[in-house]
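Asker: I'm passing along target00.tsv; it holds TSV, C-alpha atoms and all ligand atoms.
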```tsv
chain	number	residue	atom	x	y	z
A	287	MET	CA	86.90	132.16	91.05
A	288	SER	CA	89.28	132.36	88.08
A	289	ALA	CA	90.35	129.30	86.05
A	290	THR	CA	94.00	129.91	86.95
A	291	GLU	CA	93.44	129.76	90.71
A	292	VAL	CA	94.81	126.72	92.46
A	293	ALA	CA	95.36	125.48	96.03
A	294	VAL	CA	98.18	123.40	97.45
A	295	ILE	CA	97.71	120.66	100.00
A	296	GLY	CA	100.70	120.64	102.31
A	297	ALA	CA	102.77	123.56	103.57
A	298	GLY	CA	106.27	122.19	104.19
A	299	GLY	CA	109.52	122.65	102.30
A	300	HIS	CA	108.36	120.62	99.31
A	301	ALA	CA	105.30	122.88	99.00
A	302	LYS	CA	107.57	125.92	98.54
A	303	VAL	CA	108.96	124.40	95.35
A	304	VAL	CA	105.49	123.35	94.16
A	305	ILE	CA	104.24	126.91	94.72
A	306	ALA	CA	107.23	128.37	92.81
A	307	THR	CA	106.65	125.89	89.97
A	308	LEU	CA	102.94	126.70	89.77
A	309	ARG	CA	103.63	130.44	89.70
A	310	ASP	CA	106.31	130.14	87.02
A	311	ALA	CA	103.84	128.10	84.97
A	312	GLY	CA	101.24	130.88	85.20
A	313	TRP	CA	98.99	129.69	88.05
A	314	ARG	CA	97.77	131.83	90.94
A	315	VAL	CA	98.19	129.93	94.20
A	316	VAL	CA	95.45	131.26	96.46
A	317	CYS	CA	95.66	129.10	99.59
A	318	ALA	CA	97.39	126.18	101.28
A	319	TYR	CA	95.98	123.50	103.60
A	320	ASP	CA	97.99	121.67	106.21
A	321	GLY	CA	97.15	119.38	109.14
A	322	ASP	CA	99.59	121.21	111.44
A	323	GLN	CA	97.46	123.63	113.46
A	324	THR	CA	100.47	125.74	114.41
A	325	LYS	CA	100.71	126.83	110.76
A	326	TRP	CA	97.10	127.99	110.46
A	327	GLY	CA	96.82	131.75	109.98
A	328	THR	CA	100.46	131.98	108.83
A	329	SER	CA	101.70	131.84	105.25
A	330	ILE	CA	104.16	129.98	103.03
A	331	SER	CA	105.88	131.83	100.18
A	332	GLY	CA	103.18	134.50	100.58
A	333	VAL	CA	100.32	131.96	100.33
A	334	PRO	CA	97.93	131.92	103.33
A	335	ILE	CA	97.67	128.60	105.19
A	336	VAL	CA	93.96	128.59	105.86
A	337	GLY	CA	93.52	125.38	107.85
A	338	ASP	CA	93.18	121.65	107.43
A	339	ASP	CA	91.79	120.05	104.28
A	340	ASP	CA	88.25	120.26	105.74
A	341	ARG	CA	88.42	123.88	104.46
A	342	ILE	CA	88.75	122.72	100.86
A	343	GLY	CA	85.12	123.58	100.05
A	344	ASP	CA	85.95	127.28	100.58
A	345	GLY	CA	88.84	127.29	98.10
A	346	PRO	CA	89.33	126.70	94.38
A	347	PRO	CA	88.24	123.34	92.90
A	348	ARG	CA	91.77	122.73	91.59
A	349	ALA	CA	94.78	121.65	93.65
A	350	VAL	CA	98.16	119.97	93.77
A	351	ILE	CA	99.14	117.67	96.63
A	352	ALA	CA	102.41	119.30	97.66
A	353	VAL	CA	103.66	116.55	99.97
A	354	GLY	CA	106.85	114.60	99.27
A	355	ASN	CA	105.80	111.41	101.09
A	356	ASN	CA	104.33	108.93	98.60
A	357	ARG	CA	101.95	107.16	101.01
A	358	THR	CA	100.55	110.51	102.16
A	359	ARG	CA	99.95	111.66	98.59
A	360	GLN	CA	98.20	108.38	97.83
A	361	ARG	CA	95.98	108.68	100.93
A	362	LEU	CA	95.04	112.30	100.23
A	363	ALA	CA	94.32	111.63	96.54
A	364	GLY	CA	91.95	108.81	97.52
A	365	ARG	CA	90.14	110.88	100.13
A	366	LEU	CA	89.80	114.30	98.50
A	367	GLY	CA	87.66	114.82	95.42
A	368	LEU	CA	89.38	117.68	93.61
A	369	GLU	CA	90.52	118.46	90.10
A	370	TRP	CA	94.24	117.63	90.22
A	371	VAL	CA	96.46	120.02	88.31
A	372	THR	CA	99.41	118.67	86.31
A	373	VAL	CA	102.20	121.23	86.20
A	374	VAL	CA	105.47	121.43	84.28
A	375	HIS	CA	107.99	124.16	85.07
A	376	PRO	CA	108.66	126.30	81.97
A	377	ARG	CA	112.36	125.43	82.31
A	378	ALA	CA	111.77	121.69	82.32
A	379	TRP	CA	111.83	119.81	79.01
A	380	VAL	CA	109.06	117.30	78.39
A	381	ASP	CA	108.85	115.77	74.90
A	382	ALA	CA	105.47	116.18	73.20
A	383	SER	CA	104.95	112.39	73.09
A	384	VAL	CA	105.15	112.04	76.88
A	385	ARG	CA	101.96	111.38	78.86
A	386	LEU	CA	101.71	112.85	82.37
A	387	GLY	CA	98.99	111.86	84.86
A	388	ALA	CA	96.79	114.12	86.97
A	389	GLY	CA	98.48	115.92	89.84
A	390	THR	CA	101.99	115.22	88.59
A	391	VAL	CA	104.59	117.96	89.06
A	392	VAL	CA	107.75	118.39	86.99
A	393	PHE	CA	110.23	120.78	88.59
A	394	ALA	CA	112.77	123.12	86.98
A	395	GLY	CA	115.61	121.48	85.09
A	396	ALA	CA	113.90	118.10	84.72
A	397	VAL	CA	113.91	116.33	81.34
A	398	ILE	CA	111.48	113.66	80.10
A	399	GLN	CA	112.33	112.04	76.79
A	400	PRO	CA	110.10	110.55	74.05
A	401	ASP	CA	107.46	107.90	74.66
A	402	SER	CA	107.79	107.83	78.41
A	403	VAL	CA	104.59	107.48	80.42
A	404	VAL	CA	104.36	109.08	83.84
A	405	GLY	CA	101.42	108.32	86.14
A	406	ALA	CA	99.38	110.43	88.54
A	407	HIS	CA	100.70	112.39	91.55
A	408	VAL	CA	104.29	111.73	90.54
A	409	ILE	CA	107.06	114.12	91.60
A	410	VAL	CA	109.82	114.64	89.04
A	411	ASN	CA	112.03	116.74	91.26
A	412	THR	CA	114.62	119.39	90.38
A	413	GLY	CA	116.95	118.32	87.58
A	414	ALA	CA	115.75	114.71	87.46
A	415	SER	CA	115.73	112.95	84.09
A	416	ILE	CA	113.57	110.21	82.60
A	417	ASP	CA	114.92	108.90	79.32
A	418	HIS	CA	113.02	107.34	76.42
A	419	ASP	CA	110.31	104.70	76.83
A	420	CYS	CA	110.24	104.70	80.61
A	421	GLN	CA	107.18	103.87	82.66
A	422	VAL	CA	106.85	105.71	85.96
A	423	ASP	CA	103.72	104.69	87.86
A	424	ASP	CA	101.43	106.65	90.21
A	425	PHE	CA	102.76	108.18	93.46
A	426	VAL	CA	106.44	107.78	92.55
A	427	HIS	CA	108.90	110.40	93.78
A	428	LEU	CA	112.13	110.94	91.85
A	429	ALA	CA	114.19	113.19	94.15
A	430	PRO	CA	116.50	115.94	92.82
A	431	GLY	CA	119.07	114.79	90.30
A	432	CYS	CA	117.76	111.24	89.79
A	433	HIS	CA	118.42	109.68	86.40
A	434	LEU	CA	116.47	106.92	84.71
A	435	ALA	CA	118.05	105.43	81.58
A	436	GLY	CA	115.82	104.23	78.73
A	437	GLU	CA	113.04	101.65	79.21
A	438	VAL	CA	113.18	101.77	82.99
A	439	HIS	CA	110.05	100.91	84.97
A	440	VAL	CA	109.55	102.55	88.35
A	441	ALA	CA	106.49	100.96	89.94
A	442	GLU	CA	103.80	102.60	92.08
A	443	GLY	CA	104.91	104.48	95.17
A	444	ALA	CA	108.65	103.92	94.75
A	445	PHE	CA	110.98	106.62	96.09
A	446	LEU	CA	114.38	107.29	94.52
A	447	GLY	CA	116.60	109.47	96.72
A	448	THR	CA	118.71	112.39	95.58
A	449	GLY	CA	121.10	111.52	92.77
A	450	ALA	CA	120.01	107.88	92.40
A	451	SER	CA	120.34	106.33	88.95
A	452	VAL	CA	118.76	103.31	87.24
A	453	ILE	CA	120.37	101.66	84.22
A	454	VAL	CA	118.55	100.68	81.06
A	455	ARG	CA	115.59	98.20	81.18
A	456	VAL	CA	115.73	97.70	84.93
A	457	GLU	CA	112.69	97.82	87.24
A	458	VAL	CA	112.24	99.33	90.70
A	459	GLY	CA	109.43	97.50	92.52
A	460	PRO	CA	106.35	99.10	94.07
A	461	TRP	CA	106.87	101.06	97.30
A	462	SER	CA	110.59	100.38	97.28
A	463	ILE	CA	113.22	102.97	98.22
A	464	VAL	CA	116.53	103.59	96.50
A	465	GLY	CA	118.90	105.52	98.79
A	466	ALA	CA	120.51	108.78	97.76
A	467	GLY	CA	123.30	108.21	95.25
A	468	GLY	CA	122.35	104.56	94.69
A	469	VAL	CA	122.97	103.02	91.27
A	470	VAL	CA	120.37	100.38	90.40
A	471	VAL	CA	121.77	97.74	88.02
A	472	ARG	CA	119.39	94.85	88.82
A	473	HIS	CA	115.63	94.73	89.47
A	474	VAL	CA	114.71	95.97	92.94
A	475	PRO	CA	111.94	93.76	94.41
A	476	PRO	CA	108.72	95.26	95.84
A	477	GLY	CA	108.78	96.97	99.22
A	478	VAL	CA	112.50	96.98	99.99
A	479	THR	CA	115.21	99.59	100.53
A	480	ALA	CA	118.31	99.34	98.34
A	481	VAL	CA	121.43	101.51	98.77
A	482	GLY	CA	124.91	101.89	97.37
A	483	VAL	CA	126.82	101.39	94.14
A	484	PRO	CA	125.69	98.98	92.87
A	485	ALA	CA	122.48	99.24	94.92
A	486	ARG	CA	121.94	96.29	97.26
A	487	GLN	CA	118.94	95.45	99.39
A	488	ARG	CA	119.31	96.56	102.99
A	489	GLY	CA	115.85	96.52	104.60
A	490	PRO	CA	112.10	97.08	104.18
A	491	GLY	CA	110.72	99.83	101.94
A	492	GLY	CA	108.30	102.69	102.52
B	501	LIG	C1	118.27	105.00	102.24
B	501	LIG	C2	117.61	105.85	103.31
B	501	LIG	C3	116.11	105.97	103.02
B	501	LIG	C4	117.82	105.09	104.62
B	501	LIG	O1	117.30	105.82	105.68
B	501	LIG	P1	117.34	105.20	107.15
B	501	LIG	O2	116.55	103.94	107.16
B	501	LIG	O3	116.92	106.28	108.09
B	501	LIG	O4	118.84	104.79	107.29
B	501	LIG	P2	119.96	105.24	108.35
B	501	LIG	O5	120.28	106.69	108.17
B	501	LIG	O6	119.51	104.77	109.71
B	501	LIG	O7	121.20	104.38	107.87
B	501	LIG	C5	121.22	102.98	107.98
B	501	LIG	C6	122.47	102.49	107.31
B	501	LIG	O8	122.35	102.69	105.88
B	501	LIG	C7	123.45	103.50	105.42
B	501	LIG	N1	122.89	104.40	104.41
B	501	LIG	C8	121.86	105.24	104.56
B	501	LIG	N2	121.61	105.87	103.41
B	501	LIG	C9	122.50	105.41	102.53
B	501	LIG	C10	122.73	105.72	101.16
B	501	LIG	N3	121.96	106.61	100.51
B	501	LIG	N4	123.72	105.07	100.53
B	501	LIG	C11	124.50	104.16	101.20
B	501	LIG	N5	124.32	103.83	102.50
B	501	LIG	C12	123.33	104.47	103.14
B	501	LIG	C13	123.94	104.25	106.65
B	501	LIG	O9	125.27	104.65	106.50
B	501	LIG	C14	123.74	103.21	107.72
B	501	LIG	O10	124.79	102.28	107.61
B	501	LIG	P3	125.37	101.47	108.88
B	501	LIG	O11	124.21	100.65	109.39
B	501	LIG	O12	126.45	100.65	108.30
B	501	LIG	O13	125.80	102.52	109.84
B	501	LIG	C15	118.17	107.29	103.39
B	501	LIG	O14	119.45	107.33	104.00
B	501	LIG	C16	118.28	107.98	102.06
B	501	LIG	O15	119.21	107.82	101.27
B	501	LIG	N6	117.25	108.80	101.81
B	501	LIG	C17	117.18	109.63	100.66
B	501	LIG	C18	116.79	111.03	101.11
B	501	LIG	C19	116.61	111.95	99.95
B	501	LIG	O16	117.30	111.88	98.95
B	501	LIG	N7	115.62	112.83	100.07
B	501	LIG	C20	115.28	113.74	99.02
B	501	LIG	C21	114.04	114.48	99.39
B	501	LIG	S1	113.54	115.56	98.11
```
Translate this file's structure into structure tokens.
Ligand SMILES: CC(C)(COP(=O)(O)OP(=O)(O)OC[C@H]1O[C@@H](n2cnc3c(N)ncnc32)[C@H](O)[C@@H]1OP(=O)(O)O)[C@@H](O)C(=O)NCCC(=O)NCCS
Answerer:
Amino acid sequence: MSATEVAVIGAGGHAKVVIATLRDAGWRVVCAYDGDQTKWGTSISGVPIVGDDDRIGDGPPRAVIAVGNNRTRQRLAGRLGLEWVTVVHPRAWVDASVRLGAGTVVFAGAVIQPDSVVGAHVIVNTGASIDHDCQVDDFVHLAPGCHLAGEVHVAEGAFLGTGASVIVRVEVGPWSIVGAGGVVVRHVPPGVTAVGVPARQRGPGG
């Protein structure tokens, strides 16, 4: 098995973009695993969906969890012992000082500025930006077009919807959700959903 062969776990819409990102970054995606039996024996973006993750022993030792849901990525990462690939699209910009954790994926058009630290199994989706000195913890998902100003902290498992923004030095609490288009101007407490401009708390988180 070659050192550039990789598997993806998950075969939904998000996995299509992960597969495209891996290919553009020079990886060969050899198989996908998914719990949905109706997908077994079919393919996604030309990658065969071989079965559930109990087939992992037959595939390459390297993988990316290609699932957008943060809780699911956390659960799979805890259960499956694989070498997690960190991948940056060649048309993303990540400053050399930035640290990225295992299994983190940075999609096309994303920008990560100096001295930011990004944890494991984070999704920096299409065109999202993380400015200087941010801390983005494990299992966060920044949806397409999200913007973090400088010195923002996004805590573990938080989800920021499409086009959400966070102003400088503000924190989004663990497992909280910021709705699409929300503008966060004050700390978001743990485990809540905040929406709107400015973002206000509206219910429990994810
Ligand atoms: C915030 C969010 C998680 C809430 O989802 P939900 O709990 O299913 O909420 P509902 O659709 O039932 O809406 C509940 C209320 O919140 C409002 N609302 C929902 N999303 C909102 C948003 N982003 N901004 C402002 N108000 C919003 C609805 O209008 C509704 O208001 P009402 O009670 O006055 O009618 C969701 O709407 C959202 O923004 N998700 C982001 C999705 C996304 O960007 N995905 C990217 C995947 S890559």
Asker: What is the CA of Ile398 (chain A) to CA of Pro475 (chain A) distance in Å?
Answerer: 24.5 Å
Asker: Choose the residue, out of A:Pro476, A:Pro430, A:Gly364, A:Gly327, that has the smallest atom-to-atom separation from ligand LIG 501 (chain B); count only C-alpha atoms and all ligand atoms.
Answerer: A:Pro430
Asker: Under the rule of at most 10 Å, produce a per-residue listing of region 372-406 of chain A near region 341-356 of chain A: chain, number, name, the closest pair of atoms, and the distance in Å, as JSON lines, using all atoms listed in the file.
Answerer:
```
{"residue": "A:Thr372", "atom": "CA", "partner": "A:Val350", "partner_atom": "CA", "distance": 7.7}
{"residue": "A:Val373", "atom": "CA", "partner": "A:Val350", "partner_atom": "CA", "distance": 8.7}
{"residue": "A:Ala388", "atom": "CA", "partner": "A:Val350", "partner_atom": "CA", "distance": 9.1}
{"residue": "A:Gly389", "atom": "CA", "partner": "A:Val350", "partner_atom": "CA", "distance": 5.7}
{"residue": "A:Thr390", "atom": "CA", "partner": "A:Val350", "partner_atom": "CA", "distance": 8.0}
{"residue": "A:Val391", "atom": "CA", "partner": "A:Val350", "partner_atom": "CA", "distance": 8.2}
```
Asker: How about saving the chosen residues, C-alpha atoms kept, as a PDB file, keeping the file's coordinate frame?
Answerer:
```pdb
ATOM      1  CA  THR A 372      99.410 118.670  86.310  1.00  0.00           C
ATOM      2  CA  VAL A 373     102.200 121.230  86.200  1.00  0.00           C
ATOM      3  CA  ALA A 388      96.790 114.120  86.970  1.00  0.00           C
ATOM      4  CA  GLY A 389      98.480 115.920  89.840  1.00  0.00           C
ATOM      5  CA  THR A 390     101.990 115.220  88.590  1.00  0.00           C
ATOM      6  CA  VAL A 391     104.590 117.960  89.060  1.00  0.00           C
TER       7      VAL A 391
END
```
Asker: Taking all atoms of ligand LIG 501 (chain B) that appear in the file, build a box with edges along x, y and z, extend it by 5 Å on every side, and state its centre and edge lengths in Å to one decimal, as JSON.
Answerer:
```
{"center_x": 120.0, "center_y": 108.1, "center_z": 104.0, "size_x": 22.9, "size_y": 24.9, "size_z": 21.7}
```
Asker: May I have a table of the residues of chain A lying at most 8 Å from ligand LIG 501 (chain B), giving each one's closest pair of atoms and their distance in Å to one decimal, counting all atoms listed in the file, ordered by chain and ascending residue number, as CSV?
Answerer:
```
residue,atom,partner,partner_atom,distance
A:His300,CA,B:LIG501,S1,7.3
A:Gly354,CA,B:LIG501,S1,6.9
A:Asn411,CA,B:LIG501,S1,7.1
A:Leu428,CA,B:LIG501,S1,7.9
A:Ala429,CA,B:LIG501,S1,4.7
A:Pro430,CA,B:LIG501,S1,6.1
A:Leu446,CA,B:LIG501,O16,7.0
A:Gly447,CA,B:LIG501,O16,3.4
A:Thr448,CA,B:LIG501,O16,3.7
A:Gly449,CA,B:LIG501,O16,7.3
A:Ile463,CA,B:LIG501,C3,6.4
A:Val464,CA,B:LIG501,C1,6.2
A:Gly465,CA,B:LIG501,O15,3.4
A:Ala466,CA,B:LIG501,N3,3.8
A:Gly467,CA,B:LIG501,N3,5.7
A:Gly468,CA,B:LIG501,N4,6.0
A:Thr479,CA,B:LIG501,C1,6.4
A:Ala480,CA,B:LIG501,C1,6.9
A:Val481,CA,B:LIG501,N4,4.6
A:Gly482,CA,B:LIG501,C11,4.5
A:Val483,CA,B:LIG501,C11,7.9
A:Arg488,CA,B:LIG501,O8,7.4
A:Gly489,CA,B:LIG501,O2,7.9
```
Asker: Could you jot down the CA of Gln421 (chain A) to CA of Ser451 (chain A) separation for me, Å, one decimal place?
Answerer: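 Taking CA of Gln421 (chain A) and CA of Ser451 (chain A), their separation equals 14.8 Å.
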Asker: May I ask for the distance between CA of Pro376 (chain A) and CA of Gly299 (chain A), given in Å to one decimal place?
Answerer: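 A separation of 20.7 Å between them.
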Asker: Would you please work out which residue, of A:Pro400, A:Lys302, A:Ala406, A:Val440, is nearest to Val422 (chain A) when using all atoms listed in the file?
Answerer: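 Result for the nearest residue to Val422 (chain A): A:Val440.
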Asker: Could you tell me which of A:Asp310, A:Asp423, A:Glu291, A:Asp340 comes closest to Gly443 (chain A) if we count all atoms listed in the file?
Answerer: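 The closest residue to Gly443 (chain A) is A:Asp423.
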Asker: Ranking A:Ala382, A:Val303, A:Asp401, A:Ala297 by minimum distance to Trp326 (chain A) and counting only C-alpha atoms, which one comes first?
Answerer: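 Result for the nearest residue to Trp326 (chain A): A:Ala297.
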Asker: Would you mind telling me which residue in A:Gln323, A:Leu434, A:Ser402, A:Val471 lies nearest to Asp419 (chain A) when using only C-alpha atoms?
Answerer: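 That would be A:Ser402, the residue with the smallest distance to Asp419 (chain A).
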Asker: Kindly extract all protein, DNA and RNA residues lying within 7 Å of the coordinates (107.0, 101.4, 91.5) given in the file, considering only C-alpha atoms, and supply them as a list in words.
Answerer: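 Protein, DNA and RNA residues close to (107.0, 101.4, 91.5): Asp423, Val426, Val440, Ala441, Glu442, Gly443, Ala444, Val458, Gly459, Pro460, Trp461 and Ser462 of chain A.
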Asker: If we count all atoms listed in the file, what is near Val454 (chain A) at a cut-off of 7 Å, once residues fewer than 4 positions away on the same chain are taken out, given as a PyMOL selection string?
Answerer: chain A and resi 435-438
Asker: Which residue, A:Thr412, A:Val316, A:Ala485, A:His418, has the smallest gap to Arg455 (chain A) when you use all atoms listed in the file?
Answerer: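 Result for the nearest residue to Arg455 (chain A): A:His418.
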Asker: For region 335-337 of chain A, find every residue with an atom within 6 Å (counting only C-alpha atoms), except residues of its own chain fewer than 4 positions away, and show them as JSON, numbers by chain.
Answerer: {"A": [317, 318, 319, 326, 327, 328, 329]}
Asker: Would you mind completing region 407-423 of chain A so that it carries N, CA and C atoms, and writing it out as a CSV table (one decimal), in the coordinates of the input?
Answerer:
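Result went into part.csv, see below:
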```csv
chain,number,residue,atom,x,y,z
A,407,HIS,N,100.1,112.0,90.3
A,407,HIS,CA,100.7,112.4,91.6
A,407,HIS,C,102.2,112.0,91.7
A,408,VAL,N,102.9,112.0,90.5
A,408,VAL,CA,104.3,111.7,90.5
A,408,VAL,C,105.0,113.0,90.7
A,409,ILE,N,106.2,113.0,91.5
A,409,ILE,CA,107.1,114.1,91.6
A,409,ILE,C,108.3,113.8,90.8
A,410,VAL,N,108.5,114.7,89.8
A,410,VAL,CA,109.8,114.6,89.0
A,410,VAL,C,110.6,115.9,89.5
A,411,ASN,N,111.5,115.6,90.5
A,411,ASN,CA,112.0,116.7,91.3
A,411,ASN,C,113.1,117.5,90.4
A,412,THR,N,113.7,118.5,91.0
A,412,THR,CA,114.6,119.4,90.4
A,412,THR,C,115.7,118.6,89.6
A,413,GLY,N,115.8,118.9,88.3
A,413,GLY,CA,117.0,118.3,87.6
A,413,GLY,C,116.9,116.8,87.4
A,414,ALA,N,115.8,116.2,87.7
A,414,ALA,CA,115.8,114.7,87.5
A,414,ALA,C,115.5,114.4,86.0
A,415,SER,N,116.0,113.3,85.5
A,415,SER,CA,115.7,113.0,84.1
A,415,SER,C,115.1,111.6,83.9
A,416,ILE,N,114.2,111.5,83.0
A,416,ILE,CA,113.6,110.2,82.6
A,416,ILE,C,113.8,110.0,81.1
A,417,ASP,N,114.6,109.0,80.7
A,417,ASP,CA,114.9,108.9,79.3
A,417,ASP,C,113.8,108.2,78.6
A,418,HIS,N,114.1,107.8,77.3
A,418,HIS,CA,113.0,107.3,76.4
A,418,HIS,C,112.4,106.0,76.9
A,419,ASP,N,111.1,105.9,76.6
A,419,ASP,CA,110.3,104.7,76.8
A,419,ASP,C,110.3,104.2,78.3
A,420,CYS,N,110.4,105.1,79.2
A,420,CYS,CA,110.2,104.7,80.6
A,420,CYS,C,108.8,104.7,81.0
A,421,GLN,N,108.5,103.9,82.1
A,421,GLN,CA,107.2,103.9,82.7
A,421,GLN,C,107.4,104.2,84.1
A,422,VAL,N,106.7,105.3,84.6
A,422,VAL,CA,106.8,105.7,86.0
A,422,VAL,C,105.4,105.7,86.5
A,423,ASP,N,105.1,104.9,87.4
A,423,ASP,CA,103.7,104.7,87.9
A,423,ASP,C,103.3,105.7,88.9
```
